[in-house]
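Here's the structure we're looking at; comments come further down.
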There are 2 protein chains.
Amino acid sequence: MEVQVQIKMNEKLFLRNPEETDLGRKIIQYGIQLIHEIGFELFNFKKLAERIGTTEAGVYRYFENKHRLLIFITAYYWSWLQYRVIFETNNIDSPEIKLKKVISLLAKTVEDDHKTLYVDESILHQIIIAESSKTYLTKNVNEDNKELFFKPYKDLCSVIANIISTYNSKYKYPRSLATTIIEMAQFQIFFMNNLPSLTDFSKTKSELNVVSFLEDLVFSAIRKK
Amino acid sequence: MEVQVQIKMNEKLFLRNPEETDLGRKIIQYGIQLIHEIGFELFNFKKLAERIGTTEAGVYRYFENKHRLLIFITAYYWSWLQYRVIFETNNIDSPEIKLKKVISLLAKTVEDDHKTLYVDESILHQIIIAESSKTYLTKNVNEDNKELFFKPYKDLCSVIANIISTYNSKYKYPRSLATTIIEMAQFQIFFMNNLPSLTDFSKTKSELNVVSFLEDLVFSAIRKK
DNA sequence: CTATGTAGGATAGTTCTACTATCATAATTA
DNA sequence: TAATTATGATAGTAGAACTATCCTACATAG
């Protein structure tokens with residue numbers, strides 16, 4: 001059985017739906033590739049157009065600017081991750097096992113999910129680590145937030161916070177702990193690979209260490225006292 | 001008694017030492033102000049020059065580009081914070097009290113330190129929250145790291161990690177926990193003010209909540225079991 | 001079979017950003 | 001007094017970040 005997952009994206013993120021046309025899908029596919037290669041600062045629509053074999057104006061027909069494209073890509077990633085979290089924790093009763101699954105999904109490099117056709121999730125994960133906080137660390141957060149651009153991230157946070165509360169309903173900071181897990185999964189991997197002395201994983205450089213650290217952190221915090 | 005604190009900065013961060021001249025100090029002072037006002041993305045040397053009453057070329061004599069200026073400013077902040085941490089935890093034996101001091105210093109809005117003449121640390125803290133991760137989330141991390149641009153951050157991390165290890169020498173992740181405290185002090189404040197549903201502090205919006213959250217998180221993690 | 005709409009290629013142009021270069025001058029220091 | 005340094009004044013360039021216009025191929029609706 002071949003299943004395809006379609007993620008419904010916020011329509012205000014684009015001018016024309018990139019998932020409906022060939023060029024649109026190329027913009028997503030090669031956009032991810034190019035941002036990964038040269039980083040978001042050096043990335044622009046002219047370079048992307050060259051890579052795809054279209055024109056700059058062609059890309060602008062789909063996205064207002066590169067910042068919107070980055071938000072689109074990260075929103076896609078968080079939606080997809082939430083789907084995986086719900087899928088993988090389905091039918092599991094123990095909130096402990098659920099939380100471990102979540103941490104694992106957050107911190108381990110994913111393999112390309114072939115259920116999604118033109119998105120390579122393993123590269124996407126790398127982009128999320130290095131670029132995703134740039135989506136909201138701007139003077140535009142409030143307006144972008146009003147447009148619900150960060151809803152997928154918030155929804156994922158909610159899902160995780162709910163598992164935390166199921167584990168221990170008395171724990172006072174389920175949401176803040178959820179964002180801590182999400183953000184630290186990314187930051188610890190980034191630090192491990194780029195500024196290793198900021199972590200305790202410089203020897204092995206394995207994501208499994210990040211998983212252990214996060215599990216220890218989370219379960220110490222929410223253990224019933 | 002009037003004391004002045006001078007922080008020795010990495011010389012590779014600037015072309016001409018901004019702390020030695022009038023114009024240089026203005027670049028720092030008004031640079032901080034302007035980045036705070038319009039955000040790092042919209043900030044540029046032309047606008048800064050206008051604000052100061054000099055020319056664009058004048059600013060470029062001190063800093064290669066705006067990214068270097070941001071690194072300078074954040075390096076300054078972390079150095080100053082490390083100084084405060086060491087000063088405020090001096091003569092305290094209890095690592096527990098030390099850690100609480102650290103968390104408090106990290107998460108509470110500082111008042112302007114008048115020991116530093118032209119730097120307004122209360123504004124600086126706001127910049128750190130919204131802009132500091134942009135210093136290392138680039139394709140240049142490795143080179144910038146080789147130039148020791150992130151040393152002040154790493155040193156602060158070491159100081160905190162040492163306190164953690166003094167509290168519990170068996171705890172396996174002192175450095176990662178230290179970066180978690182530092183980063184989460186910033187992110188939780190940012191989220192609280194801009195994307196409040198990602199935190200548990202949307203009602204009160206007080207930094208004291210962040211302090212409580214971090215204390216709970218840290219001491220749960222390092223408590224001897 | 002024609003009219004209409006849509007996707008997208010081709011080209012050009014604008015304003016702003018991120019610099020670099022040169023020259024002149026005032027103040028400082030040797 | 002000469003040399004150095006700081007900085008002001010001015011100009012110029014390459015690239016980024018768009019916007020606009022025109023044209024054509026193709027699908028589809030009537």
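Within each chain, counting starts at residue 1; across the structure tokens, chains are named A, B, ... in the order shown, with ligands numbered 1 upward in that order.
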
Please find the residues of chain D near chain B - the criterion being any atom within 12 Å, counting only C-alpha atoms (C1' of nucleotides) - and write them as a PDB file with C-alpha atoms (C1' of nucleotides), in the first residue's frame.
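And here is the file that came out, part.pdb:
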ATOM      1  C1'  DT D   5      45.393  60.046  13.208  1.00  0.00           C
ATOM      2  C1'  DA D   6      40.416  60.788  13.211  1.00  0.00           C
ATOM      3  C1'  DT D   7      36.865  61.879  10.638  1.00  0.00           C
ATOM      4  C1'  DG D   8      34.114  64.456   7.334  1.00  0.00           C
ATOM      5  C1'  DA D   9      32.608  64.847   2.373  1.00  0.00           C
ATOM      6  C1'  DT D  10      31.684  62.800  -1.810  1.00  0.00           C
ATOM      7  C1'  DA D  11      31.333  59.306  -5.239  1.00  0.00           C
TER       8       DA D  11
END

What are the closest atom pairs, with distances in Å to one decimal, for each residue of chain C lying within 9 Å of chain B, using only C-alpha atoms (C1' of nucleotides), rows by chain and rising residue number, as a tab-separated table?
residue	atom	partner	partner_atom	distance
C:DT17	C1'	B:Asn44	CA	8.0
C:DA18	C1'	B:Asn65	CA	8.2
C:DC19	C1'	B:Asn65	CA	8.6
C:DT20	C1'	B:Ala57	CA	8.9

*Could you list, as a PyMOL selection string, the residues of chain B having an atom within 7 Å of chain A when counting only C-alpha atoms?*
chain B and resi 39+130-131+137-139+141-142+154+157+173+175-176+179-180+184+194+198-200+213+217+220-221

*Write out as a PyMOL selection string all residues of segment 3-208 of chain B that backbone DSSP assigns to helix (DSSP H, G or I).*
chain B and resi 11-13+22-42+45-52+56-60+66-89+95-107+121-135+141-146+151-167+174-194+196-198+207-208

*Excluding same-chain residues fewer than 4 positions from Thr89 of chain B, what lies within 12 Å of it counting only C-alpha atoms (C1' of nucleotides), as a count of residues only?*
21

_Test item: residues at most 12 Å from DG30 of chain D, only C-alpha atoms (C1' of nucleotides), excluding those fewer than 5 positions along its chain, as a PyMOL selection string_ = chain C and resi 1-4

*Between atom CA of Glu111 of chain A and atom CA of Ile27 of chain A, what is the spacing in Å?*
21.1 Å

*Tell me, as a list in words, which residues lie within 12 Å of DA3 of chain D, counting only C-alpha atoms (C1' of nucleotides); anything in the same chain fewer than 3 positions away does not count.*
DT28, DT29 and DA30 of chain C
